[in-house]
Structures are given as C-alpha cells and as structure tokens.
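File shown here: run.cif, holding mmCIF, N, CA and C atoms.
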```
data_run
#
loop_
_atom_site.group_PDB
_atom_site.id
_atom_site.type_symbol
_atom_site.label_atom_id
_atom_site.label_comp_id
_atom_site.auth_asym_id
_atom_site.auth_seq_id
_atom_site.Cartn_x
_atom_site.Cartn_y
_atom_site.Cartn_z
ATOM 1 N N MET O 1 88.809 106.249 125.818
ATOM 2 C CA MET O 1 89.173 105.751 124.506
ATOM 3 C C MET O 1 89.010 104.231 124.499
ATOM 4 N N ALA O 2 88.253 103.745 123.559
ATOM 5 C CA ALA O 2 87.981 102.317 123.451
ATOM 6 C C ALA O 2 89.150 101.595 122.785
ATOM 7 N N THR O 3 89.214 100.305 123.033
ATOM 8 C CA THR O 3 90.194 99.473 122.346
ATOM 9 C C THR O 3 89.775 99.353 120.889
ATOM 10 N N PRO O 4 90.678 99.617 119.955
ATOM 11 C CA PRO O 4 90.317 99.533 118.537
ATOM 12 C C PRO O 4 89.861 98.124 118.143
ATOM 13 N N THR O 5 88.851 98.080 117.312
ATOM 14 C CA THR O 5 88.291 96.835 116.793
ATOM 15 C C THR O 5 88.779 96.646 115.360
ATOM 16 N N SER O 6 89.138 95.424 115.010
ATOM 17 C CA SER O 6 89.577 95.125 113.646
ATOM 18 C C SER O 6 88.376 94.899 112.742
ATOM 19 N N TYR O 7 88.453 95.441 111.531
ATOM 20 C CA TYR O 7 87.412 95.281 110.526
ATOM 21 C C TYR O 7 88.038 94.907 109.200
ATOM 22 N N ARG O 8 87.309 94.095 108.426
ATOM 23 C CA ARG O 8 87.679 93.768 107.049
ATOM 24 C C ARG O 8 86.433 93.959 106.212
ATOM 25 N N LEU O 9 86.557 94.736 105.162
ATOM 26 C CA LEU O 9 85.434 95.017 104.285
ATOM 27 C C LEU O 9 85.809 94.689 102.849
ATOM 28 N N HIS O 10 84.887 94.064 102.135
ATOM 29 C CA HIS O 10 85.086 93.829 100.709
ATOM 30 C C HIS O 10 84.563 95.057 99.971
ATOM 31 N N ILE O 11 85.347 95.579 99.053
ATOM 32 C CA ILE O 11 84.956 96.761 98.290
ATOM 33 C C ILE O 11 84.809 96.362 96.825
ATOM 34 N N ALA O 12 83.564 96.401 96.364
ATOM 35 C CA ALA O 12 83.278 96.045 94.975
ATOM 36 C C ALA O 12 83.841 97.107 94.033
ATOM 37 N N ASP O 13 84.255 96.690 92.875
ATOM 38 C CA ASP O 13 84.745 97.565 91.808
ATOM 39 C C ASP O 13 86.078 98.235 92.104
ATOM 40 N N MET O 14 86.783 97.821 93.136
ATOM 41 C CA MET O 14 88.129 98.334 93.371
ATOM 42 C C MET O 14 89.073 97.392 92.634
ATOM 43 N N ASP O 15 89.660 97.869 91.538
ATOM 44 C CA ASP O 15 90.427 96.957 90.713
ATOM 45 C C ASP O 15 91.821 97.443 90.321
ATOM 46 N N CYS O 16 92.275 98.542 90.912
ATOM 47 C CA CYS O 16 93.615 99.013 90.557
ATOM 48 C C CYS O 16 94.266 99.714 91.754
ATOM 49 N N ALA O 17 95.562 99.914 91.641
ATOM 50 C CA ALA O 17 96.315 100.529 92.727
ATOM 51 C C ALA O 17 95.857 101.956 93.013
ATOM 52 N N SER O 18 95.464 102.693 91.985
ATOM 53 C CA SER O 18 95.020 104.072 92.229
ATOM 54 C C SER O 18 93.698 104.091 92.997
ATOM 55 N N CYS O 19 92.840 103.099 92.760
ATOM 56 C CA CYS O 19 91.595 102.982 93.541
ATOM 57 C C CYS O 19 91.941 102.744 95.015
ATOM 58 N N ALA O 20 92.878 101.845 95.258
ATOM 59 C CA ALA O 20 93.276 101.517 96.621
ATOM 60 C C ALA O 20 93.855 102.737 97.331
ATOM 61 N N ILE O 21 94.676 103.507 96.650
ATOM 62 C CA ILE O 21 95.275 104.708 97.239
ATOM 63 C C ILE O 21 94.196 105.745 97.545
ATOM 64 N N LYS O 22 93.262 105.903 96.638
ATOM 65 C CA LYS O 22 92.159 106.852 96.830
ATOM 66 C C LYS O 22 91.359 106.500 98.085
ATOM 67 N N ILE O 23 91.039 105.225 98.244
ATOM 68 C CA ILE O 23 90.276 104.772 99.404
ATOM 69 C C ILE O 23 91.095 104.921 100.678
ATOM 70 N N GLU O 24 92.339 104.497 100.645
ATOM 71 C CA GLU O 24 93.200 104.592 101.831
ATOM 72 C C GLU O 24 93.347 106.035 102.294
ATOM 73 N N THR O 25 93.575 106.939 101.370
ATOM 74 C CA THR O 25 93.741 108.350 101.714
ATOM 75 C C THR O 25 92.486 108.907 102.391
ATOM 76 N N ALA O 26 91.322 108.576 101.858
ATOM 77 C CA ALA O 26 90.069 109.083 102.411
ATOM 78 C C ALA O 26 89.770 108.486 103.785
ATOM 79 N N ILE O 27 89.999 107.198 103.956
ATOM 80 C CA ILE O 27 89.659 106.521 105.210
ATOM 81 C C ILE O 27 90.616 106.910 106.326
ATOM 82 N N LYS O 28 91.894 107.061 106.017
ATOM 83 C CA LYS O 28 92.840 107.368 107.095
ATOM 84 C C LYS O 28 92.671 108.792 107.638
ATOM 85 N N ARG O 29 91.882 109.610 106.966
ATOM 86 C CA ARG O 29 91.591 110.957 107.465
ATOM 87 C C ARG O 29 90.530 110.957 108.562
ATOM 88 N N LEU O 30 89.810 109.845 108.689
ATOM 89 C CA LEU O 30 88.768 109.758 109.711
ATOM 90 C C LEU O 30 89.404 109.540 111.087
ATOM 91 N N PRO O 31 88.876 110.163 112.117
ATOM 92 C CA PRO O 31 89.433 109.979 113.458
ATOM 93 C C PRO O 31 89.220 108.555 113.959
ATOM 94 N N GLY O 32 90.216 108.032 114.638
ATOM 95 C CA GLY O 32 90.096 106.714 115.240
ATOM 96 C C GLY O 32 90.459 105.566 114.328
ATOM 97 N N VAL O 33 90.877 105.846 113.095
ATOM 98 C CA VAL O 33 91.267 104.807 112.149
ATOM 99 C C VAL O 33 92.775 104.584 112.245
ATOM 100 N N SER O 34 93.185 103.316 112.317
ATOM 101 C CA SER O 34 94.611 102.991 112.342
ATOM 102 C C SER O 34 94.837 101.674 111.606
ATOM 103 N N ASP O 35 96.082 101.364 111.373
ATOM 104 C CA ASP O 35 96.497 100.104 110.739
ATOM 105 C C ASP O 35 95.695 99.789 109.477
ATOM 106 N N ILE O 36 95.539 100.778 108.620
ATOM 107 C CA ILE O 36 94.740 100.596 107.408
ATOM 108 C C ILE O 36 95.565 99.929 106.316
ATOM 109 N N GLU O 37 94.951 98.956 105.658
ATOM 110 C CA GLU O 37 95.554 98.286 104.504
ATOM 111 C C GLU O 37 94.462 98.108 103.461
ATOM 112 N N VAL O 38 94.772 98.490 102.237
ATOM 113 C CA VAL O 38 93.832 98.330 101.129
ATOM 114 C C VAL O 38 94.517 97.489 100.060
ATOM 115 N N ASN O 39 93.877 96.392 99.663
ATOM 116 C CA ASN O 39 94.439 95.482 98.680
ATOM 117 C C ASN O 39 93.535 95.461 97.456
ATOM 118 N N ALA O 40 93.983 96.064 96.385
ATOM 119 C CA ALA O 40 93.177 96.132 95.164
ATOM 120 C C ALA O 40 92.975 94.756 94.556
ATOM 121 N N GLY O 41 93.954 93.878 94.659
ATOM 122 C CA GLY O 41 93.852 92.546 94.082
ATOM 123 C C GLY O 41 92.730 91.721 94.690
ATOM 124 N N SER O 42 92.608 91.785 96.008
ATOM 125 C CA SER O 42 91.568 91.012 96.694
ATOM 126 C C SER O 42 90.303 91.832 96.940
ATOM 127 N N GLY O 43 90.404 93.149 96.770
ATOM 128 C CA GLY O 43 89.253 94.015 97.014
ATOM 129 C C GLY O 43 88.941 94.189 98.484
ATOM 130 N N LEU O 44 89.959 94.037 99.344
ATOM 131 C CA LEU O 44 89.727 94.116 100.781
ATOM 132 C C LEU O 44 90.312 95.375 101.408
ATOM 133 N N LEU O 45 89.552 95.918 102.340
ATOM 134 C CA LEU O 45 89.985 97.019 103.189
ATOM 135 C C LEU O 45 90.055 96.467 104.602
ATOM 136 N N SER O 46 91.215 96.543 105.225
ATOM 137 C CA SER O 46 91.406 96.105 106.605
ATOM 138 C C SER O 46 91.831 97.307 107.418
ATOM 139 N N LEU O 47 91.295 97.423 108.619
ATOM 140 C CA LEU O 47 91.656 98.537 109.481
ATOM 141 C C LEU O 47 91.290 98.248 110.912
ATOM 142 N N LYS O 48 91.817 99.061 111.805
ATOM 143 C CA LYS O 48 91.402 99.058 113.203
ATOM 144 C C LYS O 48 90.671 100.372 113.434
ATOM 145 N N LEU O 49 89.605 100.286 114.229
ATOM 146 C CA LEU O 49 88.736 101.437 114.402
ATOM 147 C C LEU O 49 88.370 101.634 115.857
ATOM 148 N N ASP O 50 88.583 102.843 116.352
ATOM 149 C CA ASP O 50 88.117 103.247 117.675
ATOM 150 C C ASP O 50 86.691 103.736 117.502
ATOM 151 N N GLU O 51 85.732 102.914 117.891
ATOM 152 C CA GLU O 51 84.326 103.220 117.665
ATOM 153 C C GLU O 51 83.803 104.379 118.509
ATOM 154 N N ASP O 52 84.584 104.846 119.470
ATOM 155 C CA ASP O 52 84.207 106.053 120.211
ATOM 156 C C ASP O 52 84.420 107.295 119.359
ATOM 157 N N ARG O 53 85.241 107.171 118.336
ATOM 158 C CA ARG O 53 85.574 108.313 117.490
ATOM 159 C C ARG O 53 84.911 108.266 116.117
ATOM 160 N N THR O 54 84.780 107.081 115.554
ATOM 161 C CA THR O 54 84.158 106.893 114.244
ATOM 162 C C THR O 54 83.422 105.560 114.246
ATOM 163 N N GLN O 55 82.234 105.538 113.682
ATOM 164 C CA GLN O 55 81.425 104.329 113.599
ATOM 165 C C GLN O 55 81.728 103.563 112.302
ATOM 166 N N PRO O 56 81.535 102.244 112.305
ATOM 167 C CA PRO O 56 81.737 101.471 111.080
ATOM 168 C C PRO O 56 80.869 101.983 109.926
ATOM 169 N N SER O 57 79.683 102.467 110.230
ATOM 170 C CA SER O 57 78.808 103.003 109.175
ATOM 171 C C SER O 57 79.427 104.222 108.505
ATOM 172 N N ASP O 58 80.260 104.971 109.241
ATOM 173 C CA ASP O 58 80.947 106.124 108.659
ATOM 174 C C ASP O 58 81.985 105.673 107.629
ATOM 175 N N ILE O 59 82.619 104.542 107.900
ATOM 176 C CA ILE O 59 83.589 103.985 106.951
ATOM 177 C C ILE O 59 82.871 103.601 105.657
ATOM 178 N N ALA O 60 81.769 102.874 105.810
ATOM 179 C CA ALA O 60 80.995 102.446 104.644
ATOM 180 C C ALA O 60 80.474 103.643 103.858
ATOM 181 N N ALA O 61 80.018 104.662 104.546
ATOM 182 C CA ALA O 61 79.499 105.859 103.868
ATOM 183 C C ALA O 61 80.604 106.564 103.096
ATOM 184 N N ARG O 62 81.797 106.629 103.657
ATOM 185 C CA ARG O 62 82.917 107.283 102.978
ATOM 186 C C ARG O 62 83.290 106.512 101.716
ATOM 187 N N VAL O 63 83.319 105.178 101.803
ATOM 188 C CA VAL O 63 83.652 104.358 100.633
ATOM 189 C C VAL O 63 82.587 104.540 99.550
ATOM 190 N N ARG O 64 81.316 104.535 99.944
ATOM 191 C CA ARG O 64 80.234 104.754 98.965
ATOM 192 C C ARG O 64 80.341 106.136 98.330
ATOM 193 N N ALA O 65 80.704 107.145 99.108
ATOM 194 C CA ALA O 65 80.836 108.496 98.581
ATOM 195 C C ALA O 65 81.945 108.585 97.523
ATOM 196 N N LEU O 66 82.913 107.688 97.612
ATOM 197 C CA LEU O 66 83.991 107.636 96.628
ATOM 198 C C LEU O 66 83.578 106.899 95.355
ATOM 199 N N GLY O 67 82.394 106.309 95.368
ATOM 200 C CA GLY O 67 81.893 105.622 94.182
ATOM 201 C C GLY O 67 82.106 104.124 94.145
ATOM 202 N N TYR O 68 82.390 103.522 95.311
ATOM 203 C CA TYR O 68 82.622 102.077 95.368
ATOM 204 C C TYR O 68 81.524 101.407 96.165
#
```
Structure encoded using structure tokens:
Amino acid sequence: MATPTSYRLHIADMDCASCAIKIETAIKRLPGVSDIEVNAGSGLLSLKLDEDRTQPSDIAARVRALGY
C-alpha cells in the first residue's frame, strides 16, 4: 500500500452545495480515496489518493462523467 498523495483539482461549473455533495459522494466510493473535501464556493476538490488502488485519471473521469 502506497503512501497517499494529496491532490487539489479545480472543478468548472460546480456552483452549489448539491453539486459538491454529488461529487463528494461519487469520489469517496472509489478505492484508495480519503480526506475528501469539496468546496463549491472555490470550485476545489481536495483529497488524498492511494495510487496503487485508484489513479488520478480515474478521479478526473468520474468528475467528467458527472457532467463537470
């Protein structure tokens, strides 16, 4: 198990609390994701990721699949 790496991603078009909850719920279901924070005001997603379990590209793909 690798040491989790911190990531911060800007998410375009995330502008309300329900958007943030939708993204948080989807991302925290991925294996290896921890310490997730989604801020609708700043449009930022912060998390720690065990890259042995999930790749950063998987995070981006999940966010895009949600329409952001």
Problem - Every residue of chain O that DSSP places in strand (DSSP E or B), as a ChimeraX atom specification - result: /O:5-10,33-39,44-49
Using the selection just defined, write its residues with N, CA and C atoms as a JSON list (two decimals), in the coordinates of the input.
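So selection.json came out as:
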```json
[["chain", "number", "residue", "atom", "x", "y", "z"],
["O", 5, "THR", "N", 88.85, 98.08, 117.31],
["O", 5, "THR", "CA", 88.29, 96.84, 116.79],
["O", 5, "THR", "C", 88.78, 96.65, 115.36],
["O", 6, "SER", "N", 89.14, 95.42, 115.01],
["O", 6, "SER", "CA", 89.58, 95.12, 113.65],
["O", 6, "SER", "C", 88.38, 94.90, 112.74],
["O", 7, "TYR", "N", 88.45, 95.44, 111.53],
["O", 7, "TYR", "CA", 87.41, 95.28, 110.53],
["O", 7, "TYR", "C", 88.04, 94.91, 109.20],
["O", 8, "ARG", "N", 87.31, 94.10, 108.43],
["O", 8, "ARG", "CA", 87.68, 93.77, 107.05],
["O", 8, "ARG", "C", 86.43, 93.96, 106.21],
["O", 9, "LEU", "N", 86.56, 94.74, 105.16],
["O", 9, "LEU", "CA", 85.43, 95.02, 104.28],
["O", 9, "LEU", "C", 85.81, 94.69, 102.85],
["O", 10, "HIS", "N", 84.89, 94.06, 102.14],
["O", 10, "HIS", "CA", 85.09, 93.83, 100.71],
["O", 10, "HIS", "C", 84.56, 95.06, 99.97],
["O", 33, "VAL", "N", 90.88, 105.85, 113.10],
["O", 33, "VAL", "CA", 91.27, 104.81, 112.15],
["O", 33, "VAL", "C", 92.78, 104.58, 112.24],
["O", 34, "SER", "N", 93.18, 103.32, 112.32],
["O", 34, "SER", "CA", 94.61, 102.99, 112.34],
["O", 34, "SER", "C", 94.84, 101.67, 111.61],
["O", 35, "ASP", "N", 96.08, 101.36, 111.37],
["O", 35, "ASP", "CA", 96.50, 100.10, 110.74],
["O", 35, "ASP", "C", 95.70, 99.79, 109.48],
["O", 36, "ILE", "N", 95.54, 100.78, 108.62],
["O", 36, "ILE", "CA", 94.74, 100.60, 107.41],
["O", 36, "ILE", "C", 95.56, 99.93, 106.32],
["O", 37, "GLU", "N", 94.95, 98.96, 105.66],
["O", 37, "GLU", "CA", 95.55, 98.29, 104.50],
["O", 37, "GLU", "C", 94.46, 98.11, 103.46],
["O", 38, "VAL", "N", 94.77, 98.49, 102.24],
["O", 38, "VAL", "CA", 93.83, 98.33, 101.13],
["O", 38, "VAL", "C", 94.52, 97.49, 100.06],
["O", 39, "ASN", "N", 93.88, 96.39, 99.66],
["O", 39, "ASN", "CA", 94.44, 95.48, 98.68],
["O", 39, "ASN", "C", 93.54, 95.46, 97.46],
["O", 44, "LEU", "N", 89.96, 94.04, 99.34],
["O", 44, "LEU", "CA", 89.73, 94.12, 100.78],
["O", 44, "LEU", "C", 90.31, 95.38, 101.41],
["O", 45, "LEU", "N", 89.55, 95.92, 102.34],
["O", 45, "LEU", "CA", 89.98, 97.02, 103.19],
["O", 45, "LEU", "C", 90.06, 96.47, 104.60],
["O", 46, "SER", "N", 91.22, 96.54, 105.22],
["O", 46, "SER", "CA", 91.41, 96.10, 106.60],
["O", 46, "SER", "C", 91.83, 97.31, 107.42],
["O", 47, "LEU", "N", 91.30, 97.42, 108.62],
["O", 47, "LEU", "CA", 91.66, 98.54, 109.48],
["O", 47, "LEU", "C", 91.29, 98.25, 110.91],
["O", 48, "LYS", "N", 91.82, 99.06, 111.80],
["O", 48, "LYS", "CA", 91.40, 99.06, 113.20],
["O", 48, "LYS", "C", 90.67, 100.37, 113.43],
["O", 49, "LEU", "N", 89.60, 100.29, 114.23],
["O", 49, "LEU", "CA", 88.74, 101.44, 114.40],
["O", 49, "LEU", "C", 88.37, 101.63, 115.86]]
```
Problem - Coordinates-based distance that separates CA of Pro56 in chain O from CA of Cys16 in chain O (Å, one decimal) - result: 23.8 Å
With 3 Å added on each side, what axis-aligned box encloses every listed atom of range 12-31 of chain O? Give the centre and edge lengths in Å to one decimal, as AutoDock Vina command-line options.
```
--center_x 89.8 --center_y 103.5 --center_z 102.1 --size_x 19.0 --size_y 20.9 --size_z 29.6
```
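Rounded to one decimal, atom C of Ala61 in chain O and atom N of Thr3 in chain O lie 22.6 Å from each other.
One finds atom C of Ala20 in chain O at 9.6 Å from atom C of Ile36 in chain O.
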Completion exercise
Shortest contact to Ala2 in chain O, candidates O:Leu49, O:Ala60, O:Ala65, O:Ala26, atoms counted all atoms listed in the file, goes to O:Leu49
Practice task
Would you mind listing what lies within 8 Å of Ala12 in chain O as a ChimeraX atom specification, with all atoms listed in the file counted and same-chain residues fewer than 4 positions away left out?
Solution key: /O:43-44,67-68
Exercise for the section: Apply the PyMOL selection byres ((chain O and resi 8) around 5) to the structure shown and report the selected residues as a VMD selection string. Expected result: chain O and resid 6 to 7 9 to 10 45 to 46
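If all atoms listed in the file are the atoms counted, then among O:Val63, O:Ser57, O:Met14, O:Ile27 the closest residue to Ala40 in chain O is O:Met14.
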Problem - Residue nearest Ile21 in chain O - candidates O:Val38, O:Thr5, O:Val33, O:Leu66, atoms counted: only N, CA and C atoms - result: O:Val38
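Backbone DSSP of chain O yields alpha helix (DSSP H) at Ala17, Ser18, Cys19, Ala20, Ile21, Lys22, Ile23, Glu24, Thr25, Ala26, Ile27, Pro56, Ser57, Asp58, Ile59, Ala60, Ala61, Arg62, Val63, Arg64 and Ala65 of chain O.
Using only N, CA and C atoms, the residues found no farther than 6 Å from Arg53 in chain O, other than those of its own chain fewer than 3 positions away, are Pro31, Gly32 and Asp50 of chain O.
In terms of minimum interatomic distance to Ile11 in chain O, O:Ile23 ranks closest within O:Ile23, O:Gln55, O:Lys48, O:Leu30, counting only C-alpha atoms.
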